[in-house]
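As stored in query_37.pdb (PDB, C-alpha atoms, pLDDT in the B column):
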```pdb
ATOM      1  CA  MET A   1     -10.966   3.883  -8.151  1.00 47.00           C
ATOM      2  CA  ASP A   2      -9.250   1.566 -10.682  1.00 55.00           C
ATOM      3  CA  ASP A   3      -8.666   4.547 -13.015  1.00 63.00           C
ATOM      4  CA  LYS A   4      -6.836   6.394 -10.234  1.00 64.00           C
ATOM      5  CA  ILE A   5      -4.580   3.406  -9.526  1.00 66.00           C
ATOM      6  CA  TYR A   6      -3.880   2.870 -13.228  1.00 62.00           C
ATOM      7  CA  SER A   7      -3.141   6.575 -13.704  1.00 65.00           C
ATOM      8  CA  PHE A   8      -0.811   6.615 -10.687  1.00 66.00           C
ATOM      9  CA  ILE A   9       1.106   3.568 -11.904  1.00 67.00           C
ATOM     10  CA  MET A  10       1.398   4.884 -15.451  1.00 67.00           C
ATOM     11  CA  ARG A  11       2.693   8.273 -14.270  1.00 69.00           C
ATOM     12  CA  GLY A  12       5.303   6.459 -12.182  1.00 66.00           C
ATOM     13  CA  GLU A  13       6.379   4.290 -15.111  1.00 68.00           C
ATOM     14  CA  LEU A  14       6.607   7.281 -17.458  1.00 69.00           C
ATOM     15  CA  THR A  15       8.675   9.166 -14.875  1.00 67.00           C
ATOM     16  CA  LYS A  16      10.991   6.194 -14.479  1.00 66.00           C
ATOM     17  CA  VAL A  17      11.525   5.971 -18.248  1.00 66.00           C
ATOM     18  CA  ALA A  18      12.193   9.719 -18.466  1.00 65.00           C
ATOM     19  CA  LEU A  19      14.754   9.543 -15.649  1.00 61.00           C
ATOM     20  CA  ASP A  20      16.441   6.507 -17.210  1.00 63.00           C
ATOM     21  CA  GLN A  21      16.752   8.350 -20.526  1.00 63.00           C
ATOM     22  CA  SER A  22      18.125  11.477 -18.865  1.00 59.00           C
ATOM     23  CA  GLY A  23      21.105   9.572 -17.494  1.00 60.00           C
ATOM     24  CA  THR A  24      20.056  10.086 -13.896  1.00 57.00           C
ATOM     25  CA  VAL A  25      21.192   7.363 -11.516  1.00 56.00           C
ATOM     26  CA  SER A  26      18.269   5.006 -11.004  1.00 59.00           C
ATOM     27  CA  LYS A  27      16.910   4.327  -7.557  1.00 62.00           C
ATOM     28  CA  HIS A  28      17.958   0.695  -7.901  1.00 63.00           C
ATOM     29  CA  HIS A  29      21.503   1.564  -8.989  1.00 67.00           C
ATOM     30  CA  TYR A  30      21.792   4.186  -6.223  1.00 65.00           C
ATOM     31  CA  SER A  31      20.675   1.540  -3.732  1.00 75.00           C
ATOM     32  CA  GLU A  32      23.378  -0.832  -5.015  1.00 78.00           C
ATOM     33  CA  ILE A  33      26.024   1.874  -4.547  1.00 79.00           C
ATOM     34  CA  ILE A  34      24.877   2.502  -0.976  1.00 80.00           C
ATOM     35  CA  GLN A  35      24.808  -1.251  -0.239  1.00 78.00           C
ATOM     36  CA  LYS A  36      28.395  -1.584  -1.523  1.00 79.00           C
ATOM     37  CA  GLN A  37      29.538   1.318   0.670  1.00 81.00           C
ATOM     38  CA  ILE A  38      27.862  -0.183   3.728  1.00 79.00           C
ATOM     39  CA  SER A  39      29.290  -3.621   2.969  1.00 77.00           C
ATOM     40  CA  ASP A  40      32.784  -2.176   2.609  1.00 80.00           C
ATOM     41  CA  SER A  41      32.524  -0.115   5.811  1.00 81.00           C
ATOM     42  CA  LEU A  42      31.438  -3.185   7.792  1.00 80.00           C
ATOM     43  CA  SER A  43      34.265  -5.330   6.394  1.00 82.00           C
ATOM     44  CA  LEU A  44      31.907  -8.139   5.399  1.00 81.00           C
ATOM     45  CA  ASP A  45      34.757  -9.637   3.378  1.00 84.00           C
ATOM     46  CA  LEU A  46      36.480 -10.512   6.681  1.00 88.00           C
ATOM     47  CA  LEU A  47      33.515 -12.544   7.942  1.00 87.00           C
ATOM     48  CA  ASP A  48      32.653 -16.160   7.204  1.00 91.00           C
ATOM     49  CA  ASP A  49      31.127 -16.324   3.697  1.00 90.00           C
ATOM     50  CA  GLU A  50      28.520 -18.915   4.685  1.00 91.00           C
ATOM     51  CA  PHE A  51      27.201 -16.843   7.587  1.00 91.00           C
ATOM     52  CA  VAL A  52      27.198 -13.674   5.476  1.00 87.00           C
ATOM     53  CA  ALA A  53      25.280 -15.428   2.682  1.00 89.00           C
ATOM     54  CA  LYS A  54      22.653 -16.751   5.127  1.00 90.00           C
ATOM     55  CA  ALA A  55      22.360 -13.366   6.827  1.00 88.00           C
ATOM     56  CA  LYS A  56      21.901 -11.629   3.456  1.00 88.00           C
ATOM     57  CA  GLN A  57      19.138 -14.078   2.577  1.00 89.00           C
ATOM     58  CA  MET A  58      17.360 -13.295   5.852  1.00 89.00           C
ATOM     59  CA  ALA A  59      17.998  -9.569   5.296  1.00 90.00           C
ATOM     60  CA  THR A  60      15.930  -9.780   2.126  1.00 89.00           C
ATOM     61  CA  VAL A  61      13.067 -11.391   4.041  1.00 89.00           C
ATOM     62  CA  TYR A  62      13.429  -8.817   6.807  1.00 91.00           C
ATOM     63  CA  ALA A  63      13.291  -5.992   4.242  1.00 90.00           C
ATOM     64  CA  ALA A  64       9.938  -7.283   2.993  1.00 90.00           C
ATOM     65  CA  ILE A  65       8.537  -7.595   6.516  1.00 91.00           C
ATOM     66  CA  ALA A  66       9.838  -4.177   7.624  1.00 92.00           C
ATOM     67  CA  ALA A  67       8.476  -2.484   4.500  1.00 92.00           C
ATOM     68  CA  PHE A  68       5.070  -4.094   5.039  1.00 93.00           C
ATOM     69  CA  GLU A  69       5.009  -3.122   8.721  1.00 93.00           C
ATOM     70  CA  ASN A  70       5.844   0.497   7.915  1.00 93.00           C
ATOM     71  CA  MET A  71       3.232   0.548   5.152  1.00 95.00           C
ATOM     72  CA  VAL A  72       0.655  -0.622   7.715  1.00 95.00           C
ATOM     73  CA  ARG A  73       1.780   2.133  10.100  1.00 95.00           C
ATOM     74  CA  ASP A  74       1.340   4.725   7.348  1.00 96.00           C
ATOM     75  CA  PHE A  75      -2.057   3.265   6.443  1.00 96.00           C
ATOM     76  CA  VAL A  76      -3.262   3.398  10.071  1.00 97.00           C
ATOM     77  CA  VAL A  77      -2.048   6.981  10.499  1.00 97.00           C
ATOM     78  CA  LYS A  78      -3.625   8.064   7.196  1.00 97.00           C
ATOM     79  CA  ILE A  79      -7.027   6.626   8.128  1.00 97.00           C
ATOM     80  CA  LEU A  80      -6.901   8.116  11.622  1.00 98.00           C
ATOM     81  CA  ILE A  81      -5.833  11.564  10.406  1.00 97.00           C
ATOM     82  CA  GLU A  82      -8.563  11.571   7.757  1.00 97.00           C
ATOM     83  CA  ASN A  83     -11.212  10.697  10.325  1.00 97.00           C
ATOM     84  CA  LYS A  84      -9.979  12.100  13.622  1.00 97.00           C
ATOM     85  CA  GLY A  85      -7.873  15.018  12.498  1.00 96.00           C
ATOM     86  CA  GLU A  86      -4.764  16.441  14.057  1.00 95.00           C
ATOM     87  CA  ASN A  87      -5.416  14.812  17.457  1.00 96.00           C
ATOM     88  CA  TRP A  88      -5.556  11.315  15.928  1.00 97.00           C
ATOM     89  CA  TRP A  89      -3.003   9.930  18.411  1.00 97.00           C
ATOM     90  CA  GLU A  90      -4.987  10.956  21.494  1.00 97.00           C
ATOM     91  CA  ASP A  91      -8.424  10.344  19.962  1.00 97.00           C
ATOM     92  CA  GLY A  92      -7.701   7.111  18.085  1.00 97.00           C
ATOM     93  CA  VAL A  93      -5.167   5.194  20.187  1.00 98.00           C
ATOM     94  CA  SER A  94      -5.826   3.688  23.604  1.00 98.00           C
ATOM     95  CA  GLN A  95      -4.053   5.083  26.631  1.00 98.00           C
ATOM     96  CA  ALA A  96      -2.249   1.771  27.197  1.00 98.00           C
ATOM     97  CA  ILE A  97      -0.688   1.775  23.707  1.00 98.00           C
ATOM     98  CA  ARG A  98       0.125   5.496  23.919  1.00 98.00           C
ATOM     99  CA  LYS A  99       1.778   5.035  27.306  1.00 98.00           C
ATOM    100  CA  LYS A 100       3.881   2.089  26.070  1.00 97.00           C
ATOM    101  CA  ALA A 101       4.983   4.003  22.957  1.00 97.00           C
ATOM    102  CA  GLU A 102       5.773   7.145  24.950  1.00 96.00           C
ATOM    103  CA  SER A 103       7.796   5.083  27.423  1.00 96.00           C
ATOM    104  CA  ARG A 104       9.813   3.522  24.597  1.00 94.00           C
ATOM    105  CA  LYS A 105      10.489   6.919  23.084  1.00 94.00           C
ATOM    106  CA  LEU A 106      11.645   8.346  26.420  1.00 93.00           C
ATOM    107  CA  GLU A 107      13.947   5.356  26.890  1.00 92.00           C
ATOM    108  CA  GLU A 108      15.434   5.790  23.425  1.00 91.00           C
ATOM    109  CA  ASP A 109      15.790   9.559  23.940  1.00 90.00           C
ATOM    110  CA  LYS A 110      18.319   8.754  26.690  1.00 91.00           C
ATOM    111  CA  ILE A 111      20.674   7.285  24.097  1.00 89.00           C
ATOM    112  CA  LYS A 112      21.721  10.529  22.453  1.00 84.00           C
ATOM    113  CA  TRP A 113      24.250   9.004  20.039  1.00 86.00           C
ATOM    114  CA  HIS A 114      21.788   6.601  18.423  1.00 84.00           C
ATOM    115  CA  THR A 115      19.331   7.476  15.668  1.00 85.00           C
ATOM    116  CA  GLN A 116      15.728   7.506  16.842  1.00 84.00           C
ATOM    117  CA  ARG A 117      12.930   5.456  15.246  1.00 86.00           C
ATOM    118  CA  GLY A 118      11.141   8.561  14.063  1.00 83.00           C
ATOM    119  CA  ASP A 119       9.264  11.660  15.092  1.00 86.00           C
ATOM    120  CA  SER A 120       5.825  10.078  15.382  1.00 94.00           C
ATOM    121  CA  LEU A 121       4.908   7.965  18.388  1.00 96.00           C
ATOM    122  CA  ILE A 122       3.319   5.417  16.022  1.00 97.00           C
ATOM    123  CA  ASN A 123       6.906   4.380  15.217  1.00 96.00           C
ATOM    124  CA  TYR A 124       7.294   3.209  18.812  1.00 96.00           C
ATOM    125  CA  THR A 125       4.331   0.826  18.713  1.00 95.00           C
ATOM    126  CA  GLU A 126       4.646  -2.904  18.210  1.00 92.00           C
ATOM    127  CA  PHE A 127       3.336  -4.628  15.105  1.00 90.00           C
ATOM    128  CA  GLY A 128       0.516  -6.176  17.146  1.00 90.00           C
ATOM    129  CA  ASP A 129      -0.461  -2.763  18.483  1.00 95.00           C
ATOM    130  CA  LEU A 130      -1.428  -1.753  14.961  1.00 96.00           C
ATOM    131  CA  ALA A 131      -4.145  -4.421  14.894  1.00 94.00           C
ATOM    132  CA  SER A 132      -5.324  -3.238  18.313  1.00 95.00           C
ATOM    133  CA  ILE A 133      -5.521   0.351  17.064  1.00 97.00           C
ATOM    134  CA  MET A 134      -7.524  -0.849  14.073  1.00 96.00           C
ATOM    135  CA  LEU A 135      -9.845  -2.792  16.388  1.00 95.00           C
ATOM    136  CA  GLN A 136     -10.281   0.271  18.626  1.00 96.00           C
ATOM    137  CA  ASN A 137     -11.426   2.130  15.513  1.00 97.00           C
ATOM    138  CA  ILE A 138     -13.194  -0.756  13.783  1.00 95.00           C
ATOM    139  CA  ASN A 139     -15.733   1.506  12.073  1.00 95.00           C
ATOM    140  CA  LEU A 140     -12.890   3.296  10.265  1.00 96.00           C
ATOM    141  CA  PHE A 141     -11.026   0.177   9.154  1.00 95.00           C
ATOM    142  CA  GLU A 142     -13.724  -2.409   8.449  1.00 92.00           C
ATOM    143  CA  ASP A 143     -14.096  -1.321   4.825  1.00 92.00           C
ATOM    144  CA  HIS A 144     -10.341  -1.661   4.237  1.00 93.00           C
ATOM    145  CA  VAL A 145      -9.564  -5.150   5.584  1.00 91.00           C
ATOM    146  CA  ILE A 146     -11.242  -8.543   5.338  1.00 90.00           C
ATOM    147  CA  SER A 147     -11.522  -8.579   9.129  1.00 89.00           C
ATOM    148  CA  ILE A 148      -9.487  -7.336  12.057  1.00 89.00           C
ATOM    149  CA  GLU A 149      -8.874 -10.931  13.164  1.00 90.00           C
ATOM    150  CA  TRP A 150      -7.491 -11.684   9.691  1.00 91.00           C
ATOM    151  CA  ALA A 151      -5.173  -8.645   9.911  1.00 90.00           C
ATOM    152  CA  LYS A 152      -4.148  -9.591  13.450  1.00 90.00           C
ATOM    153  CA  GLN A 153      -3.204 -13.114  12.334  1.00 90.00           C
ATOM    154  CA  ILE A 154      -1.052 -11.722   9.506  1.00 91.00           C
ATOM    155  CA  PHE A 155       0.666  -9.250  11.832  1.00 91.00           C
ATOM    156  CA  ASN A 156       1.323 -11.955  14.457  1.00 90.00           C
ATOM    157  CA  THR A 157       2.767 -14.347  11.879  1.00 90.00           C
ATOM    158  CA  LEU A 158       5.025 -11.721  10.357  1.00 91.00           C
ATOM    159  CA  GLU A 159       6.104 -10.465  13.775  1.00 90.00           C
ATOM    160  CA  ARG A 160       7.078 -14.006  14.768  1.00 90.00           C
ATOM    161  CA  SER A 161       9.137 -14.379  11.577  1.00 89.00           C
ATOM    162  CA  ARG A 162      10.718 -10.946  12.059  1.00 90.00           C
ATOM    163  CA  ASN A 163      11.721 -11.846  15.613  1.00 90.00           C
ATOM    164  CA  VAL A 164      13.422 -15.049  14.446  1.00 90.00           C
ATOM    165  CA  ILE A 165      15.454 -13.067  11.920  1.00 90.00           C
ATOM    166  CA  MET A 166      16.265 -10.234  14.326  1.00 86.00           C
ATOM    167  CA  HIS A 167      17.702 -12.708  16.830  1.00 87.00           C
ATOM    168  CA  SER A 168      20.100 -14.137  14.232  1.00 85.00           C
ATOM    169  CA  GLY A 169      17.864 -17.082  13.402  1.00 85.00           C
ATOM    170  CA  GLU A 170      17.013 -18.383   9.977  1.00 87.00           C
ATOM    171  CA  LEU A 171      13.593 -19.038   8.562  1.00 85.00           C
ATOM    172  CA  GLY A 172      13.122 -22.190   6.576  1.00 84.00           C
ATOM    173  CA  THR A 173      12.072 -22.079   2.942  1.00 84.00           C
ATOM    174  CA  ARG A 174       8.582 -23.247   3.902  1.00 82.00           C
ATOM    175  CA  ASP A 175       8.243 -20.409   6.445  1.00 80.00           C
ATOM    176  CA  ILE A 176       9.290 -17.857   3.850  1.00 80.00           C
ATOM    177  CA  GLU A 177       6.993 -19.250   1.187  1.00 78.00           C
ATOM    178  CA  THR A 178       3.906 -19.760   3.337  1.00 74.00           C
ATOM    179  CA  GLU A 179       4.137 -17.204   6.146  1.00 65.00           C
ATOM    180  CA  VAL A 180       6.016 -14.286   4.660  1.00 66.00           C
ATOM    181  CA  SER A 181       5.290 -14.473   0.938  1.00 63.00           C
ATOM    182  CA  HIS A 182       1.582 -15.265   1.262  1.00 62.00           C
ATOM    183  CA  PRO A 183       0.381 -14.321   4.741  1.00 60.00           C
TER     184      PRO A 183
END
```
Take the structure in this file and express it as structure tokens.
Amino acid sequence: MDDKIYSFIMRGELTKVALDQSGTVSKHHYSEIIQKQISDSLSLDLLDDEFVAKAKQMATVYAAIAAFENMVRDFVVKILIENKGENWWEDGVSQAIRKKAESRKLEEDKIKWHTQRGDSLINYTEFGDLASIMLQNINLFEDHVISIEWAKQIFNTLERSRNVIMHSGELGTRDIETEVSHP
């Protein structure tokens, strides 16, 4: 297993070096260009610098939480597809979670002008639902996590922090260092 991880990382690093040498715009530089365009289109320069600076700091924390949450979603889907096949949603997710996700999707489908969360109903589940799905399929996930309760605690902590940020709040340095950086 370690050889596969090492090989994967090395191939990625070699690809990155090759792209850098070819003069191709790096992913990081491309991201900076996009960020500048977004910033300009939102007229951030017209807003209070202090509030913008604080919001940008929380945006960085949010990015880490959102990336982790989506990685967990992908992980859950991957394990369920590998073990339950094409009907993983029906066979691996409780009716209550499916119904809630389907209801959210239907509600969002009514807003035609707004981008949807995604094609898969897993994108309409809550962070905490992911731990419930893992618990419902404990035999499939027990080899991958310390314990479901451990995973649930991490998800709950990160969801709490995400909710503070999403409602224009600010996390303290201690919250970022203890809850988000090392859940």
Rounded to one decimal in Å, what is the spacing between atom CA of Phe127 of chain A and atom CA of Trp113 of chain A?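 The value is 25.4 Å.
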What's the 9 Å shell around Ile79 of chain A, counting all atoms listed in the file, without same-chain residues fewer than 4 positions away, as an MDAnalysis selection string? chainID A and resid 74:75 83:84 140:141
Result set, the PyMOL selection byres ((chain A and resi 151) around 12) on current file, as a list in words: Glu69, Val72, Phe127, Gly128, Asp129, Leu130, Ala131, Ser132, Ile133, Met134, Leu135, Ile138, Phe141, Glu142, His144, Val145, Ile146, Ser147, Ile148, Glu149, Trp150, Lys152, Gln153, Ile154, Phe155, Asn156, Thr157, Leu158 and Pro183 of chain A
So what do you get for atom CA of Asp49 of chain A versus atom CA of Arg162 of chain A, distance-wise?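 For atom CA of Asp49 of chain A relative to atom CA of Arg162 of chain A, the distance reads 22.7 Å.
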One residue among A:Ser120, A:Arg98, A:Ser161, A:Ser39 is nearest to Asp175 of chain A when using only C-alpha atoms, and that residue is A:Ser161
